[in-house]
Amino acid sequence: MNGRRTFLKNALITTAAVSVAGCTASAVEPKDEKTSKKNPNSHPGIPLAIATWPNLRATDLAMQAIVFGGSALDAVEAGAKVPEADAGDSSVGYGGLPDKTGVVTLDACIMDDKGNAGSVTFLQHILHPISVARRVMEKTPHVMLSGEGALQFALEEGFKTQDLMTDSSRVAWNKYREEMQGKAIGEANHDTIGILAIDRQNRISGACSTSGAAWKMHGRVGDSPIIGAGLYVDNEVGAATSTGLGELVMKTVGSFLIVELMRNGATPQEACETAVRRIRDKYFADGGKDVPQVGFIAVNKAGEHGAYSLVNGFSYSLYQGETNEVYEAESLINAG
Ligand code: GLY
C-alpha cells in the first residue's frame, strides 16, 4: 500500500530482539516528554472513523456505512475488510506475509458499543477474518475461536476458503528462506489495521485485523485478536487500538490501559502517550537502536482523538466532518 511505513527501520530483528529486554542505547534520543493535552488535529465531532496507517479507503467505506444508516459496528467491519482484501497490503489478510513455514495465519477482533466482543486467532484460508470475528461475537456464546476450530466455524457460517498467498508474498517468502535460512523472524512489517468509529447515535465500535509479524513462528498469535491489547471499546468512555509489535502491546495491555486512562480524565492523546511511554520505560529504558514500532490511536465519546507511537513514522487516517485525511502521528523516539 502506498505510503505505508516499514515498521522496523533496522533491517532485521532476531527472535531474541523480540523479547526486547537486552536492547541497549545508541542512536535514538527521547523527545521532549511533556505530555500533549491534545492531538493538534483533534476536535470533538461525530460521526467519525479513524484507522491506523494510510487507510483512507477503509475510513471512507466506514463513513459511507454510517452515512447510509449503518452502525459503528458495520462501519468498522467495512473498513477492516479493505486491507484484508488488498493484495498489495503485506501485513493484513490476502497478500499478508506468511509465517516461518510459509503459512498465512490471521488474527482479528471486533467490539461493539454494548461491550460485546468477538475474535479469531491463527485462522487460515479465509479472506475476511474480521467478519468471522463478528460472527463469533454475534452467533456463539464465546469471545475467541482459534485455528482449526475458527476455520470450521467460518465454513459452517458459509465463508469460502482461498489461497491467501500472492505472487509477491511467495517471492518474499522464498527470498526469506534463501537468505535467512530460517534464523530470523525477518524485516517485520506490522501494519495492522485498527479502526474505530462513532456513529450518529454516538455508538462506538472498533475492529483490528492482521496477518501478524512476517516469518513469525508457526502458531504465534499477536495482540490484534486480544481484547484489551489490540483493541478495547467502552461506549461510556471511548476506544483504542494498536499496531506494531504485538508482544509489547500484549505485555502492557495497551488498548485497555488507554481507555482506563481516558475514564480517569486523560484526553485520548495523553492516554496514547502514557501507554507508549509505559512500553518504553518497561522495555527500552536505556534506549536502543533496534526499538520496534508500536502505535496507538484512540477516541473519546466526544469524538476527540489521539495518536502516538514509540518510534517516528506512524500515521493514521481520520474521516471527520467533510475531511478524510492521513496525519503523521507524534512519537516518543526519533529514530531518524
Ligand atoms: N500488531 C500485530 C501483531 O503483532 O501481530
# chains A, B, ... in the order shown; residues from 1 in each chain; ligands from 1
>>> residues_near_ligand(ligand="ligand 1", cutoff="7 Å", atoms="only C-alpha atoms and all ligand atoms", output="PyMOL selection string")
chain A and resi 190+192+210-213+221-224+230+242-247
>>> select_by_dssp(residues="range 28-134 of chain A", states="strand (DSSP E or B)", output="JSON, numbers by chain")
{"A": [29, 30, 48, 49, 50, 51, 52, 106, 107, 108, 109, 110, 111, 117, 118, 119, 120, 121, 122, 123, 126]}
>>> closest_residue(among="A:Lys251, A:Gly69, A:Val326, A:Val82", to="Pro54 in chain A", atoms="only C-alpha atoms")
A:Val326
>>> residues_around(residues="Arg280 in chain A", least_positions_apart="6", cutoff="9 Å", atoms="only C-alpha atoms", output="number ranges by chain")
A: 286-287, 291, 310, 332
>>> write_last_selection(atoms="N, CA and C atoms", output="mmCIF file, in the first residue's frame")
data_model
loop_
_atom_site.group_PDB
_atom_site.id
_atom_site.type_symbol
_atom_site.label_atom_id
_atom_site.label_comp_id
_atom_site.auth_asym_id
_atom_site.auth_seq_id
_atom_site.Cartn_x
_atom_site.Cartn_y
_atom_site.Cartn_z
ATOM 1 N N ASP A 286 16.782 2.060 28.491
ATOM 2 C CA ASP A 286 18.123 2.501 28.105
ATOM 3 C C ASP A 286 18.182 2.952 26.644
ATOM 4 N N GLY A 287 17.031 3.111 26.021
ATOM 5 C CA GLY A 287 17.038 3.458 24.591
ATOM 6 C C GLY A 287 17.221 2.186 23.784
ATOM 7 N N VAL A 291 14.782 -0.383 18.505
ATOM 8 C CA VAL A 291 13.468 -0.275 19.136
ATOM 9 C C VAL A 291 12.401 -0.504 18.071
ATOM 10 N N LEU A 310 5.801 4.679 19.362
ATOM 11 C CA LEU A 310 7.084 4.531 20.046
ATOM 12 C C LEU A 310 8.197 5.162 19.208
ATOM 13 N N LEU A 332 7.515 9.042 20.462
ATOM 14 C CA LEU A 332 8.375 9.238 21.633
ATOM 15 C C LEU A 332 9.850 9.253 21.250
#
>>> closest_residue(among="A:Met111, A:Val249, A:Ala271, A:Ile198", to="Gly70 in chain A", atoms="only C-alpha atoms")
A:Ile198
>>> closest_residue(among="A:Gly95, A:Asp113, A:Val276, A:Lys38", to="Val171 in chain A", atoms="only C-alpha atoms")
A:Gly95
>>> closest_residue(among="A:Tyr94, A:Arg134, A:Asp281, A:Arg200", to="Phe68 in chain A", atoms="only C-alpha atoms")
A:Arg200
>>> residues_around(residues="Phe159 in chain A", least_positions_apart="2", cutoff="10 Å", atoms="only C-alpha atoms", output="list in words")
His125, Ile126, Leu127, His128, Pro129, Ser131, Val132, Leu151, Gln152, Phe153, Ala154, Leu155, Glu156, Glu157, Thr161 and Gln162 of chain A
>>> residues_around(residues="Ser146 in chain A", least_positions_apart="6", cutoff="12 Å", atoms="only C-alpha atoms", output="list in words")
Thr105, Leu106, Asp107, Ala108, Cys109, Gly118, Ser119, Val120, Thr121, Phe122, Leu123, Gln124, Pro129, Val132, Ala133, Val136, Gln152, Phe153, Ala154, Gly219, Arg220, Val221, Pro225 and Ile226 of chain A
>>> closest_residue(among="A:Phe284, A:Lys301, A:Asn235, A:Met217", to="Gly265 in chain A", atoms="only C-alpha atoms")
A:Lys301
>>> residues_around(residues="Glu304 in chain A", least_positions_apart="6", cutoff="7 Å", atoms="only C-alpha atoms", output="MDAnalysis selection string")
chainID A and resid 42:45 268
>>> closest_residue(among="A:Val299, A:Met144, A:Ala285, A:Ala240", to="Asn202 in chain A", atoms="only C-alpha atoms")
A:Val299
>>> residues_around(residues="Phe314 in chain A", least_positions_apart="4", cutoff="10 Å", atoms="only C-alpha atoms", output="MDAnalysis selection string")
chainID A and resid 4:7 52:54 191 243:244 293:296 307:310 327:331
>>> atom_distance(atom1="CA of Ala229 in chain A", atom2="CA of His142 in chain A")
17.9 Å
>>> select_by_dssp(residues="range 188-267 of chain A", states="alpha helix (DSSP H)", output="list of chain:residue names")
A:Gly246, A:Glu247, A:Leu248, A:Val249, A:Met250, A:Lys251, A:Thr252, A:Gly254, A:Ser255, A:Phe256, A:Leu257, A:Ile258, A:Val259, A:Glu260, A:Leu261, A:Met262, A:Arg263
>>> atom_distance(atom1="CA of Ile66 in chain A", atom2="CA of Phe256 in chain A")
25.2 Å
>>> atom_distance(atom1="CA of Ala87 in chain A", atom2="CA of Ala75 in chain A")
21.4 Å
